[in-house]
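Enquirer: Quick one: the structure is below, and I'll ask about it shortly.
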Amino acid sequence: RATLTVNSAMSGSSLLGLLQRVTSILKSNISNGSRCYRRSFGTVANGQIRKAVQSDFDLVVAIDYDIYAGRDFLPFLYPAFIQNPNIHFFVYEINKNVVAFEAARVVDGGITIVTCGSRIKVEYKDANIFKQFRDYIKEKLTSKYPIKFIALTTSNTSGLDSNPSFLKSNKEVLRRSVFMFPYQTSEIDVPDQDDFSATKVSQLTASQFCDIFQKQPLRQYLFPRDRLIVNAIPFRPLPENLELIQAENPFILMSDKVKSGPSPPCQGLVSMTTWFSYKDAICVDLEFYGCSNNFPEICNHIRQHLTHVRHLAPKGHVMVPHSYMISSDALLCAFSRFGLAPADSQLKTQYLFEESIGKA
């Protein structure tokens, strides 16, 4: 603790010099505290943010064991993610106790930060900690990358609805309902031959999928919001994202009529499944791009994805965000043809928010 005493008889120039020295010391302390970011917002004292390390694993998982309705990916992916130079992990400590966690991924060729994996102990949910995380992440990563945006996908807006500063600075890019289909592999009824096979569907590599990004009419048709979400990570349809999308091991299908149809196409589907492990099961994300009112075409996409999925794990959930380009009745009816029904505890809505932090 330092005490500053100012003699009342001190000259103006001496006082000015002293204040300049104090200011210089404070700036030096802030710039040198690259691993420790201390700030009080009137709600939490003695809090600090630092880079997360491998040995923080148990402390991070213990923050909230029930997060994401028991489908938490972090316990299974943390060891690999912590070594990924594209993902930045941070913990928030109070009196050396880890009370919150935030991860940030850099996508879109370096212009977008995506925050993900967020969790906080319940007693600190009103402590403005995620505002401190976001300010810290902006400060650290904008010095390393040409960041223009910071994005967030979430299915829980309870804290955001009452946060006027967040809603003022972030625009809602996407909102969509999500169906959850629990399954046991033994319950999936996918016959080897059926009447859906007449609709031609071909598998794409991630590279072929990303080639679409450079075909403007097709890109506009498939991604009208100029976004695609892969395992809850939002991407702009840019070729720079190829390696990041490949790293998610996607299984991608395209209806033949999409590539053989008019330019721009007016119908036809592209679909993608990615997945992650949780406990003794997996969560599969099935995304549809484009539009179709052709029931056999919808069923054939689902059929091939379920054939792929049932070899991955004996049980899990298939998460299907509703694109609004396919009717919800058609989706539900198609899944029912393969013995799957939506869970009562489905995620109701998925949101994508984005803040501009530079010139777009």
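Letters A, B, ... mark the chains of the structure tokens in the order given; residue numbers begin at 1 per chain; ligand numbers begin at 1, in order shown.
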Write out as an MDAnalysis selection string each polymer residue whose atoms come within 7 Å of Ala52 (chain A), counting only C-alpha atoms; drop sequence neighbours fewer than 3 positions from it.
Expert: chainID A and resid 56 89:91
Enquirer: Include N, CA, C and O atoms and write out the residues we just selected as a compact mmCIF listing (two decimals), in the first residue's frame.
Expert:
```txt
# COMPACT_ATOMS: atom_id res chain seq x y z
N ASP A 56 -6.21 -25.96 -14.88
CA ASP A 56 -7.48 -25.37 -14.43
C ASP A 56 -8.67 -26.26 -14.74
O ASP A 56 -9.81 -25.91 -14.40
N PHE A 89 -8.49 -19.07 -23.96
CA PHE A 89 -9.27 -19.40 -22.77
C PHE A 89 -8.89 -18.48 -21.62
O PHE A 89 -7.70 -18.20 -21.39
N PHE A 90 -9.90 -18.07 -20.87
CA PHE A 90 -9.68 -17.17 -19.74
C PHE A 90 -10.52 -17.61 -18.54
O PHE A 90 -11.64 -18.11 -18.72
N VAL A 91 -9.98 -17.43 -17.35
CA VAL A 91 -10.74 -17.66 -16.13
C VAL A 91 -10.79 -16.36 -15.33
O VAL A 91 -9.90 -15.51 -15.45
```
Enquirer: For a quick check of understanding, using only C-alpha atoms, which of A:Val53, A:Met254, A:Ala69, A:Ala334 has the smallest distance to Gln83 (chain A)?
Expert: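 Closest to Gln83 (chain A), using only C-alpha atoms: A:Val53.
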Enquirer: Could you check how far CA of Gln350 (chain A) sits from CA of Gly109 (chain A), in Å to one decimal?
Expert: 24.4 Å
Enquirer: Which polymer residues have any atom within 10 Å of an atom of Ile120 (chain A), counting only C-alpha atoms, with same-chain residues fewer than 4 positions away left out, as JSON, numbers by chain?
Expert: {"A": [60, 62, 63, 64, 67, 91, 92, 98, 99, 100, 101, 102, 124, 125, 126, 127, 129, 130]}
Enquirer: Would you mind exporting N, CA, C and O atoms of the selected residues as a short mmCIF file (atom, residue, chain, number, x, y, z; two decimals), in the first residue's frame?
Expert:
```cif
data_model
loop_
_atom_site.label_atom_id
_atom_site.label_comp_id
_atom_site.auth_asym_id
_atom_site.auth_seq_id
_atom_site.Cartn_x
_atom_site.Cartn_y
_atom_site.Cartn_z
N VAL A 60 -12.58 -25.38 -13.73
CA VAL A 60 -13.49 -24.85 -14.75
C VAL A 60 -14.75 -25.71 -14.85
O VAL A 60 -15.87 -25.20 -14.87
N ALA A 62 -16.02 -27.57 -12.62
CA ALA A 62 -16.79 -27.48 -11.37
C ALA A 62 -17.62 -26.21 -11.25
O ALA A 62 -18.48 -26.12 -10.38
N ILE A 63 -17.41 -25.25 -12.13
CA ILE A 63 -18.18 -24.00 -12.07
C ILE A 63 -19.67 -24.30 -12.19
O ILE A 63 -20.50 -23.73 -11.48
N ASP A 64 -20.03 -25.19 -13.12
CA ASP A 64 -21.45 -25.51 -13.33
C ASP A 64 -21.54 -26.90 -13.96
O ASP A 64 -21.35 -27.06 -15.16
N ILE A 67 -24.61 -27.36 -16.67
CA ILE A 67 -24.77 -26.43 -17.78
C ILE A 67 -25.17 -27.16 -19.06
O ILE A 67 -24.83 -28.33 -19.26
N VAL A 91 -9.98 -17.43 -17.35
CA VAL A 91 -10.74 -17.66 -16.13
C VAL A 91 -10.79 -16.36 -15.33
O VAL A 91 -9.90 -15.51 -15.45
N TYR A 92 -11.83 -16.25 -14.53
CA TYR A 92 -12.00 -15.10 -13.64
C TYR A 92 -11.85 -15.61 -12.21
O TYR A 92 -12.56 -16.52 -11.79
N VAL A 98 -11.53 -19.75 -8.80
CA VAL A 98 -12.06 -19.61 -10.16
C VAL A 98 -13.59 -19.61 -10.10
O VAL A 98 -14.19 -20.58 -9.66
N VAL A 99 -14.21 -18.51 -10.54
CA VAL A 99 -15.66 -18.38 -10.45
C VAL A 99 -16.32 -18.25 -11.82
O VAL A 99 -17.54 -18.35 -11.93
N ALA A 100 -15.53 -18.05 -12.89
CA ALA A 100 -16.12 -17.91 -14.23
C ALA A 100 -15.09 -18.28 -15.28
O ALA A 100 -13.87 -18.28 -15.02
N PHE A 101 -15.60 -18.59 -16.46
CA PHE A 101 -14.76 -19.04 -17.57
C PHE A 101 -15.33 -18.50 -18.87
O PHE A 101 -16.56 -18.38 -19.04
N GLU A 102 -14.45 -18.16 -19.79
CA GLU A 102 -14.86 -17.69 -21.12
C GLU A 102 -13.81 -18.13 -22.13
O GLU A 102 -12.60 -18.10 -21.84
N TYR A 124 -22.44 -15.31 -8.67
CA TYR A 124 -21.81 -14.17 -9.32
C TYR A 124 -22.49 -13.79 -10.63
O TYR A 124 -21.94 -12.99 -11.40
N LYS A 125 -23.66 -14.33 -10.88
CA LYS A 125 -24.32 -14.08 -12.18
C LYS A 125 -24.69 -12.62 -12.38
O LYS A 125 -24.85 -12.18 -13.52
N ASP A 126 -24.87 -11.87 -11.31
CA ASP A 126 -25.23 -10.45 -11.44
C ASP A 126 -24.03 -9.54 -11.22
O ASP A 126 -24.19 -8.34 -10.96
N ALA A 127 -22.84 -10.08 -11.32
CA ALA A 127 -21.64 -9.31 -10.96
C ALA A 127 -20.96 -8.65 -12.15
O ALA A 127 -19.84 -8.16 -12.03
N ILE A 129 -19.49 -9.81 -14.64
CA ILE A 129 -18.20 -10.42 -14.96
C ILE A 129 -18.03 -10.62 -16.47
O ILE A 129 -16.94 -10.41 -17.01
N PHE A 130 -19.09 -10.99 -17.18
CA PHE A 130 -18.93 -11.22 -18.60
C PHE A 130 -18.68 -9.91 -19.36
O PHE A 130 -18.06 -9.92 -20.42
#
```
Enquirer: From a DSSP calculation on the backbone, collect every residue of region 18-214 of chain A in alpha helix (DSSP H) and output the set as a PyMOL selection string.
Expert: chain A and resi 18-32+57-61+74-81+129-141+164-169+206-211
Enquirer: Which residue is closest to Asp256 (chain A)? Choose from A:Leu77, A:Ala232, A:Cys291, A:Val201 and count only C-alpha atoms.
Expert: A:Val201
Enquirer: What's around region 162-177 of chain A at 10 Å? Count only C-alpha atoms, leave out sequence neighbours fewer than 4 positions away in its own chain, and write the answer as a short mmCIF file (atom, residue, chain, number, x, y, z; two decimals) with N, CA, C and O atoms, in the first residue's frame.
Expert:
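The resulting selection.cif:
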```cif
data_model
loop_
_atom_site.label_atom_id
_atom_site.label_comp_id
_atom_site.auth_asym_id
_atom_site.auth_seq_id
_atom_site.Cartn_x
_atom_site.Cartn_y
_atom_site.Cartn_z
N ASN A 128 -21.60 -8.66 -13.32
CA ASN A 128 -21.05 -7.97 -14.49
C ASN A 128 -19.72 -8.56 -14.95
O ASN A 128 -18.91 -7.88 -15.59
N LYS A 131 -19.14 -8.79 -18.82
CA LYS A 131 -18.77 -7.49 -19.40
C LYS A 131 -17.26 -7.28 -19.25
O LYS A 131 -16.58 -6.81 -20.17
N PHE A 149 -15.56 -7.56 -35.41
CA PHE A 149 -16.81 -8.01 -34.79
C PHE A 149 -16.52 -8.94 -33.63
O PHE A 149 -15.51 -9.66 -33.63
N ILE A 150 -17.43 -8.97 -32.67
CA ILE A 150 -17.40 -9.98 -31.61
C ILE A 150 -18.80 -10.58 -31.54
O ILE A 150 -19.80 -9.87 -31.46
N ALA A 151 -18.87 -11.91 -31.66
CA ALA A 151 -20.15 -12.61 -31.83
C ALA A 151 -20.39 -13.60 -30.70
O ALA A 151 -19.45 -14.05 -30.03
N LEU A 152 -21.65 -13.95 -30.53
CA LEU A 152 -22.07 -14.87 -29.47
C LEU A 152 -23.30 -15.61 -29.92
O LEU A 152 -24.27 -15.01 -30.38
N THR A 153 -23.28 -16.96 -29.82
CA THR A 153 -24.50 -17.74 -29.99
C THR A 153 -24.94 -18.23 -28.62
O THR A 153 -24.11 -18.61 -27.79
N THR A 154 -26.24 -18.21 -28.38
CA THR A 154 -26.76 -18.62 -27.07
C THR A 154 -28.20 -19.08 -27.20
O THR A 154 -28.92 -18.67 -28.12
N SER A 155 -28.61 -19.94 -26.29
CA SER A 155 -30.01 -20.33 -26.19
C SER A 155 -30.61 -19.80 -24.89
O SER A 155 -31.75 -20.11 -24.56
N THR A 157 -31.17 -16.22 -22.98
CA THR A 157 -31.10 -14.76 -23.02
C THR A 157 -31.61 -14.14 -21.73
O THR A 157 -31.87 -12.94 -21.68
N SER A 158 -31.75 -14.93 -20.67
CA SER A 158 -32.33 -14.41 -19.43
C SER A 158 -31.52 -13.25 -18.87
O SER A 158 -32.07 -12.27 -18.38
N ARG A 225 -28.64 -15.00 -44.66
CA ARG A 225 -28.23 -14.12 -43.56
C ARG A 225 -26.71 -13.92 -43.54
O ARG A 225 -26.19 -13.31 -42.62
N ASP A 226 -26.03 -14.46 -44.56
CA ASP A 226 -24.58 -14.36 -44.68
C ASP A 226 -23.86 -15.01 -43.49
O ASP A 226 -22.79 -14.55 -43.07
N ARG A 227 -24.46 -16.06 -42.95
CA ARG A 227 -23.87 -16.78 -41.83
C ARG A 227 -24.19 -18.27 -41.98
O ARG A 227 -25.22 -18.66 -42.54
N VAL A 320 -31.62 -30.04 -34.35
CA VAL A 320 -31.95 -29.55 -35.69
C VAL A 320 -32.51 -28.14 -35.60
O VAL A 320 -33.68 -27.94 -35.26
N PRO A 321 -31.69 -27.13 -35.85
CA PRO A 321 -32.22 -25.77 -35.93
C PRO A 321 -33.16 -25.64 -37.11
O PRO A 321 -32.87 -26.14 -38.20
N HIS A 322 -34.29 -24.99 -36.89
CA HIS A 322 -35.30 -24.86 -37.93
C HIS A 322 -34.96 -23.67 -38.81
O HIS A 322 -34.92 -22.53 -38.34
N SER A 323 -34.71 -23.92 -40.08
CA SER A 323 -34.25 -22.87 -40.99
C SER A 323 -35.39 -21.99 -41.51
O SER A 323 -35.13 -20.98 -42.16
N TYR A 324 -36.62 -22.36 -41.30
CA TYR A 324 -37.81 -21.68 -41.81
C TYR A 324 -37.95 -21.79 -43.33
O TYR A 324 -38.91 -21.30 -43.90
N SER A 328 -41.75 -26.84 -40.33
CA SER A 328 -41.52 -27.65 -39.14
C SER A 328 -42.30 -28.95 -39.20
O SER A 328 -41.83 -30.00 -38.74
N GLN A 346 -36.93 -29.60 -25.38
CA GLN A 346 -36.13 -29.11 -26.48
C GLN A 346 -35.66 -27.68 -26.20
O GLN A 346 -36.28 -26.95 -25.46
N LEU A 347 -34.52 -27.31 -26.80
CA LEU A 347 -34.12 -25.93 -26.78
C LEU A 347 -35.15 -25.13 -27.55
O LEU A 347 -35.52 -25.51 -28.66
N LYS A 348 -35.62 -24.06 -26.99
CA LYS A 348 -36.68 -23.32 -27.66
C LYS A 348 -36.17 -22.44 -28.79
O LYS A 348 -36.74 -22.42 -29.87
N THR A 349 -35.08 -21.72 -28.53
CA THR A 349 -34.60 -20.75 -29.51
C THR A 349 -33.09 -20.63 -29.43
O THR A 349 -32.52 -20.68 -28.35
N GLN A 350 -32.47 -20.46 -30.59
CA GLN A 350 -31.04 -20.16 -30.65
C GLN A 350 -30.88 -18.77 -31.23
O GLN A 350 -31.52 -18.41 -32.23
N TYR A 351 -30.03 -17.96 -30.58
CA TYR A 351 -29.79 -16.59 -31.00
C TYR A 351 -28.35 -16.43 -31.42
O TYR A 351 -27.44 -17.05 -30.87
N LEU A 352 -28.12 -15.53 -32.37
CA LEU A 352 -26.79 -15.07 -32.72
C LEU A 352 -26.77 -13.56 -32.59
O LEU A 352 -27.53 -12.85 -33.26
N PHE A 353 -25.93 -13.07 -31.68
CA PHE A 353 -25.73 -11.64 -31.49
C PHE A 353 -24.34 -11.26 -31.98
O PHE A 353 -23.40 -12.05 -31.89
N GLU A 354 -24.22 -10.04 -32.46
CA GLU A 354 -22.92 -9.58 -32.93
C GLU A 354 -22.76 -8.09 -32.64
O GLU A 354 -23.68 -7.29 -32.84
N GLU A 355 -21.57 -7.74 -32.17
CA GLU A 355 -21.23 -6.34 -31.89
C GLU A 355 -20.14 -5.90 -32.86
O GLU A 355 -19.17 -6.62 -33.09
N SER A 356 -20.32 -4.74 -33.43
CA SER A 356 -19.30 -4.17 -34.31
C SER A 356 -18.32 -3.38 -33.45
O SER A 356 -18.72 -2.48 -32.70
N ILE A 357 -17.03 -3.72 -33.54
CA ILE A 357 -16.03 -3.02 -32.75
C ILE A 357 -15.00 -2.36 -33.64
O ILE A 357 -13.92 -1.99 -33.22
#
```
